[in-house]
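coords_35.cif, holding mmCIF, C-alpha atoms:
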data_my_file
loop_
_atom_site.label_atom_id
_atom_site.label_comp_id
_atom_site.auth_asym_id
_atom_site.auth_seq_id
_atom_site.Cartn_x
_atom_site.Cartn_y
_atom_site.Cartn_z
CA MET D 30 71.02 47.28 44.03
CA GLN D 31 71.85 43.78 42.85
CA TYR D 32 73.15 41.23 45.33
CA ASN D 33 74.32 37.72 44.50
CA LEU D 34 75.46 34.71 46.50
CA LEU D 35 78.57 32.56 46.19
CA ASN D 36 78.96 29.32 48.14
CA LYS D 37 82.26 29.18 49.99
CA ASN D 38 83.23 25.92 48.32
CA GLN D 39 83.09 27.76 44.96
CA LEU D 40 85.63 30.44 45.88
CA ASN D 41 88.42 28.50 44.21
CA ASP D 42 86.29 28.19 41.05
CA LEU D 43 85.85 31.96 40.99
CA ILE D 44 89.60 32.57 41.29
CA SER D 45 90.28 30.03 38.56
CA PHE D 46 87.73 31.69 36.28
CA LEU D 47 89.33 35.10 36.79
CA ALA D 48 92.86 33.72 36.32
CA ARG D 49 91.99 32.29 32.90
CA GLU D 50 91.47 35.79 31.53
CA GLN D 51 93.83 38.02 33.50
CA LYS D 52 96.39 38.26 36.25
CA VAL D 53 94.80 37.82 39.68
CA VAL D 54 96.38 39.33 42.79
CA ALA D 55 95.15 38.86 46.34
CA PRO D 56 96.43 39.11 49.92
CA VAL D 57 98.78 36.21 50.68
CA ALA D 58 100.30 35.36 54.07
CA GLN D 59 104.05 35.98 54.21
CA GLY D 60 104.64 34.73 57.75
CA LEU D 61 105.03 36.58 61.07
CA ASN D 62 101.58 38.17 60.64
CA ASN D 63 102.65 39.94 57.43
CA TYR D 64 100.64 39.94 54.22
CA ALA D 65 101.24 41.09 50.66
CA PHE D 66 99.18 41.46 47.52
CA THR D 67 100.67 38.80 45.27
CA GLU D 68 99.66 36.99 42.09
CA ILE D 69 97.67 33.81 42.76
CA LYS D 70 96.32 30.97 40.64
CA ASN D 71 93.76 29.49 43.03
CA GLY D 72 91.68 30.42 46.05
CA ILE D 73 93.77 28.32 48.45
CA GLN D 74 96.63 30.82 48.16
CA ALA D 75 94.51 33.83 49.17
CA THR D 76 94.05 34.98 52.77
CA LEU D 77 90.85 36.95 53.19
CA ASN D 78 91.04 37.58 56.94
CA TYR D 79 94.20 39.64 57.20
CA ILE D 80 95.56 42.82 58.69
CA PRO D 81 96.41 45.39 56.00
CA THR D 82 99.19 44.25 53.70
CA THR D 83 102.62 45.81 54.10
CA LEU D 84 102.21 47.73 50.84
CA PRO D 85 98.74 48.82 49.77
CA PRO D 86 97.26 47.82 46.39
CA LYS D 87 98.19 51.28 45.07
CA LYS D 88 101.37 49.57 43.80
CA TYR D 89 99.28 48.21 40.92
CA PHE D 90 97.92 51.66 40.06
CA MET D 91 101.18 53.60 40.43
CA PRO D 92 104.19 51.24 40.51
CA GLN D 93 107.16 52.12 42.68
CA ARG D 94 109.13 52.70 39.45
CA GLU D 95 107.41 53.36 36.13
CA THR D 96 108.87 54.25 32.74
CA LEU D 97 107.16 57.32 31.26
CA ALA D 98 109.14 57.76 28.04
CA THR D 99 112.18 56.57 26.11
CA TYR D 100 114.43 58.50 23.75
CA ASP D 101 116.97 57.89 21.00
CA THR D 102 118.86 60.99 19.89
CA THR D 103 120.11 59.25 16.76
CA GLN D 104 116.51 59.26 15.55
CA GLY D 105 115.76 62.87 16.46
CA GLN D 106 115.11 64.84 19.64
CA ASN D 107 111.61 63.63 20.48
CA MET D 108 110.75 61.37 23.38
CA ASP D 109 108.40 58.44 22.81
CA PRO D 110 105.78 58.14 25.57
CA VAL D 111 105.37 54.79 27.29
CA VAL D 112 102.11 53.66 28.86
CA GLU D 113 102.49 50.27 30.50
CA HIS D 114 99.44 48.41 31.80
CA GLU D 115 97.94 44.93 31.98
CA LYS D 116 94.60 43.42 32.88
CA VAL D 117 94.51 42.66 36.61
CA ALA D 118 91.80 41.40 38.94
CA LEU D 119 92.49 42.82 42.40
CA PHE D 120 90.82 40.40 44.83
CA GLY D 121 90.00 40.76 48.53
CA VAL D 122 90.51 44.54 48.93
CA HIS D 123 89.45 45.91 52.32
CA THR D 124 87.37 49.08 52.61
CA CYS D 125 90.32 51.16 53.84
CA ASP D 126 92.24 50.32 50.66
CA LEU D 127 89.19 50.97 48.50
CA ALA D 128 89.13 54.44 50.05
CA GLY D 129 92.82 54.90 49.24
CA ILE D 130 92.22 54.01 45.59
CA GLN D 131 89.34 56.52 45.47
CA CYS D 132 91.70 59.21 46.74
CA LEU D 133 94.25 58.40 44.02
CA ASN D 134 91.50 58.41 41.39
CA MET D 135 90.57 61.95 42.38
CA VAL D 136 94.14 63.21 42.30
CA PHE D 137 95.17 61.67 38.99
CA SER D 138 91.90 62.56 37.25
CA GLU D 139 92.53 66.26 37.79
CA LYS D 140 93.76 68.26 34.80
CA PRO D 141 96.21 67.56 33.38
CA LYS D 142 95.02 63.98 33.69
CA ASP D 143 97.66 61.35 34.34
CA GLN D 144 97.21 59.01 31.39
CA ASN D 145 99.59 56.37 32.76
CA TYR D 146 97.61 56.08 35.97
CA LEU D 147 94.24 56.10 34.23
CA ALA D 148 95.32 53.41 31.76
CA ARG D 149 96.25 51.14 34.66
CA LYS D 150 93.07 52.00 36.56
CA ASN D 151 90.86 51.16 33.58
CA ALA D 152 92.55 47.76 33.21
CA ILE D 153 91.99 46.74 36.86
CA THR D 154 88.91 44.95 38.17
CA ILE D 155 88.40 45.39 41.91
CA ILE D 156 86.70 42.83 44.13
CA GLY D 157 86.40 44.14 47.67
CA TYR D 158 86.09 42.17 50.89
CA GLU D 159 84.45 43.36 54.11
CA CYS D 160 86.10 43.39 57.53
CA ASN D 161 83.62 42.25 60.16
CA ALA D 162 85.83 43.33 63.08
CA TYR D 163 88.90 45.45 63.78
CA CYS D 164 92.08 44.06 62.25
CA ASP D 165 94.24 45.29 65.15
CA ARG D 166 94.74 48.19 67.56
CA PHE D 167 96.26 50.48 64.92
CA ALA D 168 93.12 50.71 62.79
CA SER D 169 91.06 53.90 62.89
CA CYS D 170 88.75 53.24 59.95
CA ARG D 171 85.61 54.16 61.95
CA LEU D 172 87.00 57.63 62.61
CA VAL D 173 87.17 58.41 58.89
CA HIS D 174 84.03 56.39 57.99
CA ASN D 175 85.86 53.72 56.02
CA HIS D 176 84.76 50.72 58.08
CA THR D 177 81.84 50.07 55.71
CA PRO D 178 81.86 49.97 51.90
CA ASN D 179 81.61 53.37 50.22
CA GLY D 180 81.93 52.37 46.56
CA GLY D 181 85.09 52.20 44.48
CA TYR D 182 84.72 48.51 43.55
CA ASP D 183 83.22 46.30 40.83
CA LEU D 184 82.13 43.57 43.23
CA PHE D 185 82.10 43.58 47.01
CA MET D 186 82.07 40.41 49.12
CA THR D 187 80.76 39.98 52.65
CA ASN D 188 81.18 36.79 54.65
CA LEU D 189 77.81 35.53 55.91
CA GLY D 190 79.16 32.32 57.45
CA ASP D 191 78.53 29.51 54.98
CA LYS D 192 78.43 31.80 51.93
CA PHE D 193 79.44 35.16 50.55
CA ILE D 194 77.00 37.85 49.53
CA LEU D 195 78.26 40.13 46.76
CA HIS D 196 77.14 43.61 45.83
CA VAL D 197 77.36 44.17 42.07
CA ASN D 198 78.45 47.77 41.48
CA THR D 199 79.58 48.10 37.85
CA PRO D 200 79.09 46.54 34.39
CA ALA D 201 82.47 44.81 34.86
CA GLY D 202 81.10 43.20 38.01
CA GLU D 203 77.93 42.17 36.19
CA LYS D 204 80.03 40.53 33.48
CA ILE D 205 81.84 38.37 36.06
CA ILE D 206 78.51 37.30 37.56
CA GLU D 207 77.04 36.42 34.18
CA ARG D 208 80.03 34.67 32.59
CA SER D 209 81.24 32.64 35.56
CA HIS D 210 77.88 30.86 36.18
CA LEU D 211 78.84 30.49 39.84
CA PHE D 212 76.35 32.83 41.48
CA SER D 213 72.71 32.87 42.50
CA LEU D 214 70.49 35.80 43.34
CA ALA D 215 70.32 36.79 47.00
CA ALA D 216 66.97 36.33 48.74
CA LYS D 217 65.34 38.63 51.28
CA ALA D 218 66.67 36.43 54.09
CA ASP D 219 70.23 36.97 52.82
CA LEU D 220 69.76 40.73 52.70
CA ALA D 221 68.35 40.62 56.23
CA ALA D 222 71.44 38.68 57.36
CA LEU D 223 73.66 41.33 55.77
CA GLU D 224 71.78 44.09 57.60
CA ARG D 225 72.15 42.25 60.92
CA LEU D 226 75.89 41.94 60.30
CA ARG D 227 76.17 45.66 59.53
CA GLN D 228 74.22 46.50 62.66
CA LYS D 229 76.61 44.40 64.72
CA LYS D 230 79.52 46.20 63.04
CA ARG D 231 78.12 49.56 64.15
CA GLU D 232 78.49 48.34 67.72
CA ILE D 233 81.95 46.81 67.22
CA PHE D 234 83.42 49.76 65.33
CA GLU D 235 82.28 52.36 67.85
CA LYS D 236 85.08 51.18 70.12
CA ASN D 237 88.86 51.58 69.93
CA GLU D 238 88.66 55.02 68.30
CA ILE D 239 89.69 58.63 68.84
CA PRO D 240 87.83 60.84 71.39
CA ILE D 241 86.71 63.46 68.88
CA GLU D 242 83.71 63.83 66.62
CA HIS D 243 84.34 63.22 62.94
CA GLU D 244 83.33 66.70 61.78
CA LYS D 245 85.56 68.40 64.40
CA ILE D 246 88.82 67.08 62.96
CA PRO D 247 89.40 69.98 60.51
CA GLU D 248 88.87 72.44 63.39
CA LEU D 249 91.40 70.49 65.46
CA PHE D 250 94.05 71.00 62.80
CA ASP D 251 93.12 74.65 62.35
CA LYS D 252 94.16 75.11 65.98
CA SER D 253 97.20 72.83 66.01
CA TYR D 254 99.70 74.27 63.53
CA GLN D 255 101.96 75.60 66.32
CA SER D 256 101.36 72.60 68.58
CA LYS D 257 104.11 71.26 70.85
CA VAL D 258 103.20 67.79 69.56
CA TRP D 259 105.18 68.48 66.37
CA ALA D 260 108.26 69.31 68.45
CA ASP D 261 107.92 65.92 70.14
CA LEU D 262 107.70 64.18 66.77
CA ASP D 263 110.76 66.13 65.64
CA LYS D 264 112.78 64.40 68.36
CA ARG D 265 111.41 60.94 67.58
CA CYS D 266 111.12 60.77 63.79
CA VAL D 267 114.08 59.17 61.98
CA ALA D 268 112.92 60.37 58.52
CA CYS D 269 112.90 56.85 57.07
CA GLY D 270 109.86 57.54 54.89
CA ASN D 271 108.16 54.26 55.79
CA CYS D 272 104.90 56.01 56.72
CA THR D 273 104.42 57.52 53.26
CA ASN D 274 105.62 54.46 51.35
CA VAL D 275 102.96 52.27 52.95
CA CYS D 276 100.16 54.89 52.87
CA PRO D 277 97.31 54.02 50.45
CA SER D 278 96.73 57.68 49.53
CA CYS D 279 100.28 59.08 49.30
CA TYR D 280 101.06 59.77 45.67
CA CYS D 281 104.19 61.94 45.51
CA PHE D 282 106.84 60.90 43.00
CA ASP D 283 110.11 62.12 41.53
CA VAL D 284 110.87 62.13 37.78
CA ILE D 285 114.34 61.02 36.68
CA ASP D 286 116.07 61.03 33.29
CA GLU D 287 118.43 58.08 32.98
CA PRO D 288 120.78 57.89 29.97
CA ASN D 289 122.24 54.61 28.84
CA LEU D 290 126.00 54.12 28.58
CA ASP D 291 125.92 55.02 24.87
CA LEU D 292 124.69 58.51 25.88
CA THR D 293 122.32 58.56 22.91
CA THR D 294 119.45 56.49 24.30
CA GLY D 295 117.74 56.39 27.66
CA ARG D 296 114.47 56.69 29.50
CA ARG D 297 112.48 58.96 31.74
CA TYR D 298 110.89 57.26 34.72
CA ARG D 299 109.16 58.19 37.93
CA GLN D 300 109.55 56.61 41.34
CA TRP D 301 107.84 57.04 44.66
CA ASP D 302 109.06 59.98 46.73
CA SER D 303 108.31 61.03 50.29
CA CYS D 304 107.63 64.35 51.98
CA GLN D 305 109.51 62.87 54.95
CA ASN D 306 112.81 62.93 53.04
CA GLU D 307 115.03 65.93 53.79
CA THR D 308 115.57 66.63 50.10
CA PHE D 309 111.84 66.72 49.28
CA ALA D 310 111.33 70.43 50.04
CA LYS D 311 114.87 71.55 49.13
CA VAL D 312 115.13 74.00 46.23
CA ALA D 313 117.94 75.63 44.21
CA GLY D 314 120.43 77.45 46.40
CA GLY D 315 120.07 74.89 49.19
CA GLU D 316 116.98 76.46 50.83
CA ASN D 317 114.78 73.86 52.52
CA PHE D 318 111.22 74.84 53.38
CA ARG D 319 110.72 71.89 55.71
CA LYS D 320 114.15 71.17 57.08
CA GLU D 321 112.96 70.00 60.51
CA ARG D 322 111.55 66.51 60.85
CA GLY D 323 108.72 67.78 63.02
CA ALA D 324 107.66 70.16 60.23
CA ARG D 325 107.65 67.28 57.77
CA GLN D 326 105.56 65.14 60.12
CA ARG D 327 103.14 68.04 60.57
CA HIS D 328 102.88 68.37 56.80
CA ARG D 329 102.03 64.68 56.50
CA TYR D 330 99.22 64.91 59.03
CA TYR D 331 97.81 68.04 57.40
CA ARG D 332 97.90 66.29 54.02
CA LYS D 333 95.70 63.58 55.50
CA PHE D 334 93.29 65.49 57.71
CA ARG D 335 93.11 69.13 56.61
CA PHE D 336 94.26 70.08 53.12
CA PRO D 337 92.15 67.45 51.24
CA ILE D 338 89.01 68.70 52.97
CA GLU D 339 89.38 72.01 51.14
CA LYS D 340 89.99 70.43 47.74
CA PHE D 341 88.22 67.08 47.73
CA SER D 342 85.81 67.28 50.72
CA ARG D 343 87.23 64.11 52.26
CA PHE D 344 90.03 62.89 54.49
CA PHE D 345 93.01 61.26 52.81
CA CYS D 346 93.70 59.14 55.88
CA THR D 347 91.93 55.84 55.24
CA GLY D 348 92.26 54.50 58.80
CA CYS D 349 94.30 51.45 57.74
CA GLY D 350 96.97 51.94 60.43
CA ARG D 351 99.88 51.08 58.13
CA CYS D 352 101.92 54.17 59.04
CA SER D 353 101.82 53.25 62.72
CA ARG D 354 102.75 49.60 62.08
CA ALA D 355 105.66 50.53 59.81
CA CYS D 356 107.15 53.40 61.85
CA MET D 357 110.67 52.64 63.06
CA ALA D 358 110.27 55.25 65.82
CA LYS D 359 106.93 53.81 67.00
CA ILE D 360 105.03 56.99 66.15
CA ASP D 361 101.37 56.04 66.39
CA LEU D 362 98.87 58.11 64.39
CA LYS D 363 96.10 57.55 66.91
CA GLU D 364 98.33 58.57 69.83
CA THR D 365 99.36 61.72 67.95
CA LEU D 366 95.72 62.66 67.32
CA VAL D 367 94.84 62.07 70.97
CA SER D 368 97.75 64.32 72.06
CA LEU D 369 96.51 67.10 69.77
CA ILE D 370 92.95 66.68 71.02
CA LYS D 371 93.98 66.91 74.68
CA GLU D 372 96.27 69.88 74.05
CA GLN D 373 93.44 71.82 72.39
CA GLY D 374 90.86 70.80 75.01
CA MET D 375 88.61 69.18 72.38
CA GLU D 376 88.32 65.77 73.99
CA ASN D 377 84.88 64.17 73.74
CA PRO D 378 84.87 60.89 75.70
CA ASN D 379 81.64 59.79 73.99
CA ALA D 380 82.92 60.25 70.45
CA GLY D 381 84.58 56.86 70.33
CA ARG D 382 81.48 54.99 71.53
CA GLN D 383 78.57 56.63 69.77
CA SER D 384 78.39 58.58 66.55
CA THR D 385 75.59 60.78 65.27
CA ILE D 386 77.29 61.48 61.95
CA ALA D 387 75.24 60.55 58.92
CA GLU D 388 77.42 58.38 56.71
CA LYS D 389 77.08 59.21 53.01
CA PRO D 390 78.53 56.71 50.54
CA ALA D 391 81.19 58.00 48.21
CA THR D 392 80.22 57.90 44.55
CA PHE D 393 83.59 58.47 42.83
#
Conversion result in structure tokens:
Amino acid sequence: MQYNLLNKNQLNDLISFLAREQKVVAPVAQGLNNYAFTEIKNGIQATLNYIPTTLPPKKYFMPQRETLATYDTTQGQNMDPVVEHEKVALFGVHTCDLAGIQCLNMVFSEKPKDQNYLARKNAITIIGYECNAYCDRFASCRLVHNHTPNGGYDLFMTNLGDKFILHVNTPAGEKIIERSHLFSLAAKADLAALERLRQKKREIFEKNEIPIEHEKIPELFDKSYQSKVWADLDKRCVACGNCTNVCPSCYCFDVIDEPNLDLTTGRRYRQWDSCQNETFAKVAGGENFRKERGARQRHRYYRKFRFPIEKFSRFFCTGCGRCSRACMAKIDLKETLVSLIKEQGMENPNAGRQSTIAEKPATF
């Protein structure tokens, strides 16, 4: 593994170097403890110590609205495919969002591969940034093992006080190191400092979590399909769809054909959709397979904690806490999990303080 150092007073030089060749986006403070990934031109604009942004960086991989094809019937009946993408450096991405991008990569790389998504992915350089403490009470990144870096980046930065140490993970990351002339090789003392920081994190991130062992979560959901907890959520949920819109790993979309006023030209585009919308599971004839809000909430939780285990061998909840922060009905993911755990008698009071799970880095 190659590690390099960047002095903190050179952060602005790094941003300026990246901005000369591509669009650079980073977390920027929006006021009232809200943050958003926004284009920047210098390091002063970026905020590295932030709670998760309102929208995750998935918006650069799958935009909220994206044109897929255009047509002109005066020129024939064929549609012309559209693949829109641009070079972007995504700067300051936390480990929970790196995990979300990995989930999307898996989904859209399945056959038939989504060429629009992959074109955007291949044009994006990712520079991650490590959280050294919990961002707030909503985070559950330790539960799903996303509190430490598990790949999915080109460079990964960790704050060591007066400098950053960067893990170089890909040829794209190596190119930034070589061409910017801003970095020096890390010494053994720097690697030892990184290990001390990670050891301290193991102590910090064993608190404020859910009283269940990591590997028991699929079993919890195997037992909870008929739980009374879903009936409680049915009464509380307002079906606004905020939870899925802000989720780093939700990828559902609707495809719409939109003719122009001349009725001979138009476009086909896709836009984000949500399993929390009443119309999502409605089919011809008016039948709705998930008419109740509690059933839709249950489906969302199973899509995060149970179904992906069968297909991808990982949770699709990244532990970012966005769904809980954004919920208009104050539905808290961690509180829901605790209610399920208590109902099924699976509570382990030691699970939140000490873990014996071997953490294996993701390689996707």
### Message
as number ranges by chain, please: the residues near segment 276-293 of chain D (cut-off 8 Å, all atoms listed in the file, same-chain neighbours under 2 positions excluded).
### Response
D: 84-87, 100-103, 126, 129-130, 132-133, 272-274, 295-304, 345-347, 351-352
### Message
Nearest residue to Ile338 of chain D out of D:Asp361, D:Asp42, D:Glu139, D:Asp251, using only C-alpha atoms?
### Response
D:Asp251
### Query
Written as a ChimeraX atom specification, what is the full residue list that the PyMOL selection byres ((chain D and resi 152-158) around 7) yields on the file shown?
/D:115-123,148-151,159-160,182-187
Could you save those same residues with C-alpha atoms as an mmCIF file, in the coordinates of the input?
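File result23.cif, as written:
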data_model
loop_
_atom_site.group_PDB
_atom_site.id
_atom_site.type_symbol
_atom_site.label_atom_id
_atom_site.label_comp_id
_atom_site.auth_asym_id
_atom_site.auth_seq_id
_atom_site.Cartn_x
_atom_site.Cartn_y
_atom_site.Cartn_z
ATOM 1 C CA GLU D 115 97.940 44.930 31.980
ATOM 2 C CA LYS D 116 94.600 43.420 32.880
ATOM 3 C CA VAL D 117 94.510 42.660 36.610
ATOM 4 C CA ALA D 118 91.800 41.400 38.940
ATOM 5 C CA LEU D 119 92.490 42.820 42.400
ATOM 6 C CA PHE D 120 90.820 40.400 44.830
ATOM 7 C CA GLY D 121 90.000 40.760 48.530
ATOM 8 C CA VAL D 122 90.510 44.540 48.930
ATOM 9 C CA HIS D 123 89.450 45.910 52.320
ATOM 10 C CA ALA D 148 95.320 53.410 31.760
ATOM 11 C CA ARG D 149 96.250 51.140 34.660
ATOM 12 C CA LYS D 150 93.070 52.000 36.560
ATOM 13 C CA ASN D 151 90.860 51.160 33.580
ATOM 14 C CA GLU D 159 84.450 43.360 54.110
ATOM 15 C CA CYS D 160 86.100 43.390 57.530
ATOM 16 C CA TYR D 182 84.720 48.510 43.550
ATOM 17 C CA ASP D 183 83.220 46.300 40.830
ATOM 18 C CA LEU D 184 82.130 43.570 43.230
ATOM 19 C CA PHE D 185 82.100 43.580 47.010
ATOM 20 C CA MET D 186 82.070 40.410 49.120
ATOM 21 C CA THR D 187 80.760 39.980 52.650
#
#### Entry: For Asn36 of chain D: contacts at 7 Å, all atoms listed in the file, fewer than 6 positions along chain excluded, given as a PyMOL selection string
chain D and resi 191-193
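Straight-line separation from atom CA of Gln255 of chain D to atom CA of Thr365 of chain D: 14.2 Å.
Here atom CA of Lys204 of chain D and atom CA of Ala55 of chain D stand 19.9 Å from one another.
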